[in-house]
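So this block is final.csv, CSV, C-alpha atoms:
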chain,number,residue,atom,x,y,z
A,185,MET,CA,14.6,18.1,2.0
A,186,ALA,CA,15.9,15.0,0.2
A,187,PHE,CA,19.2,16.5,-0.8
A,188,PRO,CA,20.8,16.9,2.6
A,189,ILE,CA,19.4,13.6,3.8
A,190,ALA,CA,20.9,11.7,0.8
A,191,LYS,CA,24.3,13.4,1.4
A,192,ALA,CA,24.3,12.7,5.1
A,193,TYR,CA,23.6,9.0,4.6
A,194,SER,CA,26.0,8.6,1.7
A,195,LYS,CA,28.8,10.1,3.7
A,196,GLN,CA,28.3,7.3,6.3
A,197,GLY,CA,28.7,4.6,3.6
A,198,VAL,CA,24.9,3.9,3.3
A,199,SER,CA,23.5,3.0,-0.1
A,200,VAL,CA,20.7,5.6,-0.8
A,201,PHE,CA,17.9,5.0,-3.2
A,202,SER,CA,15.0,7.4,-4.0
A,203,GLY,CA,11.7,7.4,-5.9
A,204,VAL,CA,11.4,10.4,-8.1
A,205,SER,CA,8.5,12.0,-10.0
A,206,VAL,CA,8.1,15.0,-12.3
A,207,TYR,CA,8.2,17.3,-9.2
A,208,SER,CA,11.3,15.8,-7.7
A,209,ASN,CA,13.6,18.6,-8.7
A,210,TYR,CA,16.2,16.5,-10.6
A,211,LEU,CA,17.1,14.5,-7.5
A,212,GLU,CA,18.1,11.6,-9.7
A,213,TRP,CA,21.2,13.6,-10.8
A,214,SER,CA,22.6,13.7,-7.2
A,215,ARG,CA,26.0,12.1,-6.8
A,216,TYR,CA,24.9,11.0,-3.4
A,217,LEU,CA,22.3,8.6,-4.7
A,218,ASN,CA,23.0,5.0,-5.6
A,219,GLY,CA,19.9,4.6,-7.6
A,220,THR,CA,16.4,6.0,-8.4
A,221,PHE,CA,13.1,4.8,-9.8
A,222,SER,CA,10.2,6.7,-11.2
A,223,HIS,CA,6.7,6.9,-9.8
A,224,PRO,CA,3.6,9.1,-10.2
A,225,SER,CA,3.6,12.2,-8.0
A,226,THR,CA,2.5,11.8,-4.5
A,227,ASP,CA,1.3,15.5,-4.4
A,228,SER,CA,-2.0,14.5,-5.9
A,229,GLY,CA,-3.0,13.0,-2.5
A,230,THR,CA,-4.0,9.7,-4.2
A,231,ASP,CA,-2.4,6.3,-4.0
A,232,ALA,CA,-1.2,6.5,-7.6
A,233,ALA,CA,2.4,6.1,-6.6
A,234,LEU,CA,1.8,3.2,-4.1
A,235,SER,CA,2.1,0.2,-6.5
A,236,HIS,CA,5.2,1.6,-8.2
A,237,ILE,CA,7.0,2.2,-4.8
A,238,LEU,CA,6.0,-1.2,-3.4
A,239,ARG,CA,7.0,-3.0,-6.6
A,240,TRP,CA,10.5,-1.5,-6.4
A,241,LEU,CA,10.9,-2.3,-2.7
A,242,LYS,CA,9.8,-5.9,-3.2
A,243,THR,CA,12.0,-6.4,-6.3
A,244,ASN,CA,15.1,-4.7,-4.9
A,245,GLY,CA,14.9,-5.5,-1.2
A,246,PRO,CA,15.6,-6.3,1.5
A,247,THR,CA,15.7,-2.6,2.6
A,248,ASP,CA,17.2,-1.5,5.9
A,249,ALA,CA,14.9,1.6,6.3
A,250,ILE,CA,12.3,3.6,4.5
A,251,GLN,CA,12.0,7.4,4.9
A,252,PRO,CA,9.1,9.5,3.5
A,253,VAL,CA,10.5,13.0,3.1
A,254,SER,CA,7.7,15.3,1.7
A,255,GLU,CA,4.4,15.9,3.4
A,256,SER,CA,2.5,14.1,0.7
A,257,ALA,CA,4.8,11.1,0.8
A,258,SER,CA,4.5,11.0,4.6
A,259,ARG,CA,0.7,10.9,4.2
A,260,LEU,CA,0.9,8.1,1.6
A,261,VAL,CA,3.1,6.0,3.9
A,262,SER,CA,0.9,6.6,6.9
A,263,ARG,CA,-2.2,5.5,5.0
A,264,HIS,CA,-0.4,2.2,4.3
A,265,ARG,CA,1.8,2.0,7.3
A,266,VAL,CA,1.3,-1.7,8.0
A,267,THR,CA,2.2,-2.6,4.4
A,268,PHE,CA,5.4,-0.5,4.5
A,269,GLU,CA,6.5,-1.7,8.0
A,270,ALA,CA,6.3,-5.3,6.8
A,271,LEU,CA,9.1,-4.4,4.3
A,272,ALA,CA,11.3,-2.2,6.5
A,273,PRO,CA,11.4,0.1,9.6
A,274,LEU,CA,10.1,3.6,9.0
A,275,ILE,CA,12.1,6.8,9.7
A,276,MET,CA,9.2,8.7,11.1
A,277,PRO,CA,7.4,9.0,14.5
A,278,GLN,CA,4.9,6.5,15.9
A,279,SER,CA,1.5,6.4,14.1
A,280,GLU,CA,-0.4,7.9,17.0
A,281,THR,CA,2.1,10.8,17.2
A,282,VAL,CA,1.8,11.5,13.5
A,283,GLU,CA,-2.0,11.6,13.7
A,284,THR,CA,-2.0,13.9,16.6
A,285,CYS,CA,0.6,16.3,15.1
A,286,TRP,CA,-1.3,16.5,11.8
A,287,ASN,CA,-4.4,17.6,13.6
A,288,LYS,CA,-3.8,21.3,14.6
A,289,ALA,CA,-7.0,21.4,16.7
A,290,GLU,CA,-5.8,18.5,18.8
A,291,MET,CA,-2.4,20.0,19.1
A,292,PHE,CA,-3.9,23.3,20.3
A,293,ARG,CA,-5.8,21.4,23.0
A,294,LEU,CA,-2.6,19.7,24.0
A,295,CYS,CA,-0.8,23.0,24.2
A,296,GLU,CA,-3.6,24.3,26.5
A,297,ARG,CA,-3.1,21.3,28.8
A,298,LEU,CA,0.7,21.7,28.9
A,299,GLY,CA,0.7,25.5,29.3
A,300,VAL,CA,2.4,26.0,25.9
A,301,PRO,CA,2.1,29.7,24.8
A,302,LEU,CA,-0.9,30.0,22.5
A,303,ALA,CA,-2.8,33.0,21.1
A,304,PRO,CA,-6.6,33.0,21.4
A,305,TYR,CA,-8.2,30.9,18.8
A,306,ARG,CA,-11.5,29.4,17.7
A,307,ILE,CA,-12.2,26.2,15.7
A,308,VAL,CA,-14.8,27.0,13.0
A,309,ALA,CA,-16.9,24.9,10.6
A,310,SER,CA,-18.7,27.6,8.5
A,311,LYS,CA,-18.3,31.0,7.0
A,312,ARG,CA,-20.7,32.4,9.6
A,313,ASP,CA,-18.5,30.9,12.3
A,314,VAL,CA,-15.5,32.7,10.8
A,315,PHE,CA,-17.2,36.1,11.1
A,316,ASP,CA,-18.4,35.3,14.6
A,317,ALA,CA,-14.8,34.3,15.6
A,318,ALA,CA,-13.4,37.5,14.1
A,319,ALA,CA,-15.9,39.6,16.0
A,320,GLU,CA,-14.9,37.8,19.2
A,321,ILE,CA,-11.1,37.7,18.8
A,322,GLY,CA,-10.7,41.0,16.9
A,323,PHE,CA,-8.4,42.0,14.1
A,324,PRO,CA,-5.7,41.3,13.0
A,325,LEU,CA,-6.3,37.6,12.8
A,326,ILE,CA,-5.1,34.6,10.8
A,327,VAL,CA,-7.3,31.9,9.2
A,328,LYS,CA,-5.6,28.5,8.6
A,329,PRO,CA,-6.4,24.9,7.9
A,330,SER,CA,-6.7,22.6,10.9
A,331,CYS,CA,-4.5,20.1,9.1
A,332,VAL,CA,-0.7,20.6,9.0
A,333,ASP,CA,0.7,21.5,5.5
A,334,ALA,CA,-2.7,21.9,3.9
A,335,GLU,CA,-3.6,25.0,2.1
A,336,ILE,CA,-6.6,27.4,2.0
A,337,PHE,CA,-7.2,29.2,-1.3
A,338,GLY,CA,-3.7,28.2,-2.4
A,339,ARG,CA,-2.1,29.7,0.7
A,340,LYS,CA,-0.8,28.2,3.9
A,341,ALA,CA,-2.7,30.8,5.9
A,342,LEU,CA,-4.7,34.0,5.4
A,343,THR,CA,-3.8,37.2,7.3
A,344,ILE,CA,-6.9,39.2,7.9
A,345,ARG,CA,-6.6,42.8,9.1
A,346,SER,CA,-10.2,44.1,8.7
A,347,THR,CA,-13.7,43.2,7.8
A,348,PRO,CA,-13.2,44.2,4.2
A,349,ASP,CA,-10.1,42.0,4.1
A,350,LEU,CA,-12.2,39.1,5.4
A,351,ASN,CA,-14.9,39.6,2.7
A,352,CYS,CA,-12.2,39.8,0.0
A,353,LEU,CA,-9.8,37.0,1.1
A,354,PHE,CA,-12.5,34.7,2.4
A,355,PRO,CA,-15.3,34.8,-0.2
A,356,THR,CA,-16.7,31.4,0.5
A,357,TRP,CA,-16.2,28.4,2.7
A,358,PRO,CA,-13.5,26.0,1.1
A,359,GLN,CA,-15.4,22.8,0.7
A,360,ASP,CA,-12.3,20.6,1.1
A,361,HIS,CA,-11.9,21.7,4.7
A,362,PRO,CA,-14.4,20.3,7.3
A,363,GLU,CA,-13.0,22.9,9.8
A,364,LEU,CA,-10.6,25.8,10.0
A,365,ILE,CA,-8.8,27.7,12.8
A,366,VAL,CA,-9.2,31.4,13.4
A,367,GLN,CA,-6.6,32.8,15.7
A,368,ARG,CA,-5.4,36.2,16.8
A,369,TYR,CA,-2.5,37.3,14.7
A,370,VAL,CA,0.9,37.6,16.5
A,371,SER,CA,3.4,39.8,14.6
A,372,GLY,CA,7.0,39.0,14.4
A,373,ARG,CA,9.0,36.2,12.8
A,374,ARG,CA,8.3,32.5,12.5
A,375,HIS,CA,10.8,30.4,14.6
A,376,SER,CA,11.2,26.8,13.7
A,377,VAL,CA,12.9,24.2,15.9
A,378,ILE,CA,14.4,21.4,13.9
A,379,PHE,CA,14.9,18.5,16.4
A,380,SER,CA,15.6,14.8,16.8
A,381,ALA,CA,14.2,13.0,19.7
A,382,GLU,CA,14.2,9.5,21.4
A,383,SER,CA,11.6,8.4,23.9
A,384,GLY,CA,10.3,11.8,24.5
A,385,ARG,CA,13.7,13.4,25.0
A,386,VAL,CA,15.3,16.0,22.7
A,387,LEU,CA,18.6,14.6,21.4
A,388,LYS,CA,19.7,17.7,19.4
A,389,ALA,CA,17.8,20.8,18.3
A,390,VAL,CA,18.4,24.1,16.5
A,391,GLU,CA,16.1,27.2,16.3
A,392,VAL,CA,15.8,29.0,13.0
A,393,ALA,CA,14.2,32.5,12.6
A,394,ALA,CA,12.5,33.1,9.2
A,395,HIS,CA,13.6,36.5,7.9
A,396,ARG,CA,11.7,36.0,4.6
A,397,THR,CA,9.2,33.7,3.0
A,398,HIS,CA,7.9,33.0,-0.5
A,399,GLU,CA,4.8,35.2,0.3
A,400,ARG,CA,4.9,38.9,0.7
A,401,ASP,CA,2.9,38.8,3.9
A,402,GLY,CA,5.3,36.5,5.7
A,403,THR,CA,3.2,33.4,5.4
A,404,GLY,CA,4.4,30.5,3.3
A,405,TYR,CA,7.7,28.6,3.2
A,406,THR,CA,11.0,30.1,4.5
A,407,THR,CA,13.3,31.6,1.9
A,408,LEU,CA,15.8,33.2,4.3
A,409,GLY,CA,16.4,31.7,7.7
A,410,VAL,CA,19.0,32.3,10.4
A,411,THR,CA,19.9,30.1,13.3
A,412,VAL,CA,19.5,31.8,16.7
A,413,ALA,CA,20.1,31.2,20.4
A,414,PRO,CA,17.1,29.2,21.8
A,415,THR,CA,14.2,31.4,22.8
A,416,PRO,CA,13.4,30.3,26.4
A,417,ALA,CA,9.6,29.9,25.8
A,418,VAL,CA,10.2,28.1,22.5
A,419,LYS,CA,12.7,25.8,24.0
A,420,MET,CA,10.5,24.9,27.0
A,421,ALA,CA,7.4,24.4,24.8
A,422,THR,CA,9.3,22.1,22.4
A,423,GLU,CA,10.6,20.0,25.2
A,424,ALA,CA,7.2,19.8,26.8
A,425,LEU,CA,5.5,18.7,23.5
A,426,VAL,CA,8.2,16.1,22.7
A,427,GLN,CA,7.9,14.6,26.2
A,428,ALA,CA,4.1,14.6,26.2
A,429,LEU,CA,4.0,12.9,22.8
A,430,ASN,CA,6.8,10.5,23.8
A,431,TYR,CA,8.2,11.6,20.4
A,432,ARG,CA,10.7,9.4,18.6
A,433,SER,CA,12.3,10.5,15.4
A,434,THR,CA,12.9,13.9,13.7
A,435,GLY,CA,10.4,16.8,13.7
A,436,CYS,CA,10.0,20.5,13.6
A,437,THR,CA,8.0,22.8,15.9
A,438,GLN,CA,7.0,26.2,14.8
A,439,PHE,CA,6.2,29.4,16.7
A,440,MET,CA,5.6,33.1,16.1
A,441,VAL,CA,7.9,35.3,18.2
A,442,ASP,CA,7.3,39.0,18.5
A,443,PRO,CA,10.8,40.6,19.0
A,444,GLU,CA,9.3,43.8,20.6
A,445,THR,CA,6.8,42.4,23.1
A,446,GLY,CA,8.4,38.9,23.5
A,447,GLU,CA,5.0,37.3,22.9
A,448,VAL,CA,5.3,33.7,21.7
A,449,THR,CA,2.5,31.5,20.2
A,450,PHE,CA,2.6,27.9,19.0
A,451,MET,CA,1.8,27.3,15.3
A,452,GLU,CA,2.3,23.6,14.6
A,453,LEU,CA,4.5,20.5,14.9
A,454,ASN,CA,5.5,18.9,11.6
A,455,PRO,CA,6.2,15.2,12.3
A,456,ARG,CA,8.8,14.8,9.6
A,457,THR,CA,12.2,16.1,8.4
A,458,SER,CA,12.1,19.9,7.9
A,459,LEU,CA,14.9,22.4,6.9
A,460,ALA,CA,17.4,19.5,7.1
A,461,ARG,CA,20.1,21.4,5.2
A,462,ILE,CA,20.4,24.3,7.7
A,463,ALA,CA,20.2,21.8,10.6
A,464,GLU,CA,23.2,19.9,9.2
A,465,VAL,CA,25.2,23.0,8.6
A,466,ALA,CA,24.4,24.4,12.1
A,467,GLY,CA,25.8,21.2,13.7
A,468,VAL,CA,22.8,19.0,14.2
A,469,PRO,CA,23.3,15.6,12.5
A,470,HIS,CA,19.6,15.6,11.9
A,471,SER,CA,19.4,12.9,9.2
A,472,LEU,CA,21.8,10.5,10.8
A,473,LEU,CA,20.0,10.7,14.2
A,474,GLY,CA,16.7,9.9,12.5
A,475,LEU,CA,18.3,6.8,10.9
A,476,GLN,CA,20.0,5.7,14.1
A,477,THR,CA,16.8,6.0,16.1
A,478,CYS,CA,14.9,4.0,13.5
A,479,LEU,CA,17.5,1.2,13.5
A,480,ASN,CA,17.9,1.3,17.3
A,481,VAL,CA,21.6,2.2,16.9
A,482,PRO,CA,23.1,3.8,20.0
A,483,HIS,CA,23.5,7.6,19.7
A,484,PRO,CA,26.9,9.2,20.3
A,485,ASP,CA,27.2,11.7,23.1
A,486,LEU,CA,26.2,15.0,21.5
A,487,GLY,CA,26.5,17.2,24.6
A,488,ASP,CA,24.0,19.9,25.3
A,489,PRO,CA,21.0,19.3,23.0
A,490,TRP,CA,20.6,23.0,22.3
A,491,GLU,CA,24.3,23.9,21.7
A,492,THR,CA,24.6,24.6,18.0
A,493,ARG,CA,26.0,27.2,15.6
A,494,PHE,CA,24.1,30.5,15.8
A,495,GLY,CA,24.1,32.9,12.8
A,496,THR,CA,24.1,30.2,10.1
A,497,ARG,CA,22.1,31.5,7.1
A,498,TYR,CA,19.9,29.4,4.9
A,499,VAL,CA,18.4,30.6,1.6
A,500,TRP,CA,15.9,29.2,-0.9
A,501,THR,CA,16.6,31.4,-3.9
A,502,LYS,CA,14.0,29.9,-6.1
A,503,GLY,CA,11.3,30.7,-3.6
A,504,ASP,CA,12.6,34.3,-3.4
A,505,LEU,CA,12.5,34.6,-7.2
A,506,MET,CA,9.0,33.2,-7.3
A,507,ARG,CA,7.8,35.8,-4.9
A,508,LEU,CA,9.5,38.6,-6.8
A,509,LYS,CA,8.0,37.4,-10.1
A,510,ARG,CA,4.5,37.3,-8.6
A,511,SER,CA,4.9,40.8,-7.1
A,512,ILE,CA,6.0,42.2,-10.5
A,513,GLY,CA,3.2,40.4,-12.3
A,514,SER,CA,0.5,41.5,-9.9
A,515,GLY,CA,1.7,45.1,-9.8
A,516,GLN,CA,2.5,45.0,-6.1
A,517,GLY,CA,5.4,47.3,-5.0
A,518,SER,CA,7.3,49.8,-7.0
A,519,LYS,CA,10.1,49.3,-9.5
A,520,GLY,CA,12.6,50.5,-6.8
A,521,GLU,CA,11.3,48.0,-4.3
A,522,HIS,CA,11.6,45.2,-6.9
A,523,ILE,CA,15.2,46.2,-7.6
A,524,SER,CA,16.0,46.4,-3.9
A,525,ASP,CA,14.4,42.9,-3.4
A,526,LEU,CA,16.5,41.5,-6.3
A,527,VAL,CA,19.7,42.9,-4.8
A,528,LYS,CA,18.9,41.3,-1.4
A,529,ILE,CA,18.2,38.0,-3.1
A,530,GLY,CA,21.5,38.1,-5.0
A,531,VAL,CA,23.5,39.0,-1.9
A,532,ASP,CA,21.9,36.3,0.2
A,533,ALA,CA,22.4,33.8,-2.5
A,534,MET,CA,26.2,34.5,-2.4
A,535,THR,CA,26.5,34.5,1.4
A,536,SER,CA,24.2,31.7,2.6
A,537,THR,CA,23.8,28.0,2.6
A,538,HIS,CA,21.4,27.0,-0.2
A,539,ALA,CA,18.4,24.7,0.1
A,540,ILE,CA,19.4,22.8,-3.0
A,541,PHE,CA,22.7,24.0,-4.5
A,542,ASP,CA,25.8,22.3,-3.2
A,543,LEU,CA,29.3,22.8,-4.7
A,544,THR,CA,29.9,19.1,-4.1
A,545,ASP,CA,26.7,18.1,-5.8
A,546,PRO,CA,25.7,20.9,-8.3
A,547,ALA,CA,23.8,18.9,-11.0
A,548,PRO,CA,20.3,18.8,-9.3
A,549,ALA,CA,20.4,22.6,-8.8
A,550,PHE,CA,21.3,23.2,-12.4
A,551,GLY,CA,18.3,21.0,-13.3
A,552,VAL,CA,16.0,23.1,-11.1
A,553,TYR,CA,17.0,26.5,-12.5
A,554,LEU,CA,17.2,25.2,-16.1
A,555,ASN,CA,13.9,23.3,-15.8
A,556,PHE,CA,12.4,25.2,-18.8
A,557,PHE,CA,15.0,23.7,-21.1
A,558,LEU,CA,15.6,20.3,-19.3
A,559,LYS,CA,12.1,19.3,-18.2
A,560,ARG,CA,12.1,16.4,-20.7
A,561,VAL,CA,15.6,15.3,-19.8
A,562,ARG,CA,15.5,12.9,-16.9
A,563,ARG,CA,18.1,10.4,-15.9
A,564,SER,CA,17.3,6.8,-16.4
A,565,GLU,CA,16.6,4.5,-13.5
A,566,ARG,CA,19.6,2.8,-11.9
A,567,TYR,CA,20.7,0.5,-9.1
A,568,GLU,CA,24.2,0.5,-7.7
A,569,LEU,CA,24.4,-1.1,-4.3
A,570,LEU,CA,27.6,-0.3,-2.3
A,571,PRO,CA,29.5,-3.5,-1.4
A,572,GLU,CA,29.3,-3.1,2.4
A,573,PRO,CA,27.0,-0.3,3.5
A,574,ALA,CA,27.3,0.6,7.2
A,575,VAL,CA,26.2,3.4,9.5
What do you get writing this file as structure tokens?
Amino acid sequence: MAFPIAKAYSKQGVSVFSGVSVYSNYLEWSRYLNGTFSHPSTDSGTDAALSHILRWLKTNGPTDAIQPVSESASRLVSRHRVTFEALAPLIMPQSETVETCWNKAEMFRLCERLGVPLAPYRIVASKRDVFDAAAEIGFPLIVKPSCVDAEIFGRKALTIRSTPDLNCLFPTWPQDHPELIVQRYVSGRRHSVIFSAESGRVLKAVEVAAHRTHERDGTGYTTLGVTVAPTPAVKMATEALVQALNYRSTGCTQFMVDPETGEVTFMELNPRTSLARIAEVAGVPHSLLGLQTCLNVPHPDLGDPWETRFGTRYVWTKGDLMRLKRSIGSGQGSKGEHISDLVKIGVDAMTSTHAIFDLTDPAPAFGVYLNFFLKRVRRSERYELLPEPAV
């Protein structure tokens, strides 16, 4: 998500600096960055990176704004919000909004109060509870963490179609989760709404339907997404949630939409930048709106908040290749299916907007795909402030 954000800011004459770690996908090679500094990975969930980030900010400040991009970085900043806010405004929603959004159980209760479409669910705290909920709700169902972007047995969610499936895929209670959510499974595609909001009002939004993910069962991260006309129930639910939360900043609501029955169910609201690349290409100045809101800069008249480009295609080729590699390695699917999948990946790679690759900024993508050879070649830290940065 950092690549399109850096590009959007740089195009406006803003000096953009980024912390990078071993998992930062060669972001330091981007031509749209004015500088980078190294820190330990935030993915560990610890505060190992905190002192490195604060030292850089205090040494090179003052800073106009700070934006955590990844989920782990957002959690790090939230844990130490007062410390960061003493250095610069944060490009993220209010603290109470973030805490509510990260708690799926609380969000589900909010959906019930607002009348947002929601498939039957149960909040469970033991393996016995899971089996009881399955018996009550019925199969197929989905088991997922109650915390946004957390994983369960290395997956974002488990799709359970039978009791044998439940015994196999849920062998024991995951000790790192105090509670889980068991919900009736709604077939169809995941629809994500990437939006920017101010004082509980949607400024601009685009809906993206996920056609593929990096998991064979449709869970996981989007690898092929297409922008679509707003689904009425999804649009109304997003606006209701944004208003109820008095949302201010960028975010992403997610729903499952069954194209045959029209059933819609809320999944989650990510209180951070998501799928920024496709949003920018589809006509939503997602990154710039987040920065303007943070700095209290007046927004330009953007017309109808939901008027965007439909049919824009977005692809994460690396995620597609990861899925294909796992399928081959585990013996899932036939040779013909693997070849067909590879052909689709190749065609989509040539006809879609890429998550990382950009003709105007190709170096980071080369680093990602040549990581095996380049993993020890990192660009040195630098600092090149533009003479007069301005939004």
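Close contacts of region 300-311 of chain A, defined as residues with an atom at most 8 Å away when counting all atoms listed in the file, with chain neighbours fewer than 5 positions off set aside, comprise Ala289, Phe292, Cys295, Ala317, Ile321, Thr356, Trp357, Pro362, Glu363, Leu364, Ile365, Val366, Gln367, Arg368, Tyr369, Val370, Ala417, Ala421, Ala424, Val448, Thr449 and Phe450 of chain A.
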Sorted per-residue table, region 452-537 of chain A near region 271-283 of chain A, closest atoms and distance, 7 Å, all atoms listed in the file, as a tab-separated table:
residue	atom	partner	partner_atom	distance
A:Pro455	CA	A:Val282	CA	5.9
A:Arg456	CA	A:Met276	CA	6.3
A:Gly474	CA	A:Ile275	CA	6.2
A:Leu475	CA	A:Ile275	CA	6.3
A:Cys478	CA	A:Ile275	CA	5.5
request  = Have a look at A:Lys340, A:Arg432, A:Lys288, A:Arg215 and name the one nearest to Val200 (chain A); count all atoms listed in the file.
outcome  = A:Arg215
inquiry  = Could you check the closest approach to Thr537 (chain A) for each of A:Leu570, A:Ala463, A:Ile512, A:Met506 and tell me which residue wins, using all atoms listed in the file?
reply    = A:Ala463
Which of A:Thr243, A:Asp545, A:Thr407, A:Ala318 sits closest to Lys528 (chain A) [using only C-alpha atoms] = A:Thr407
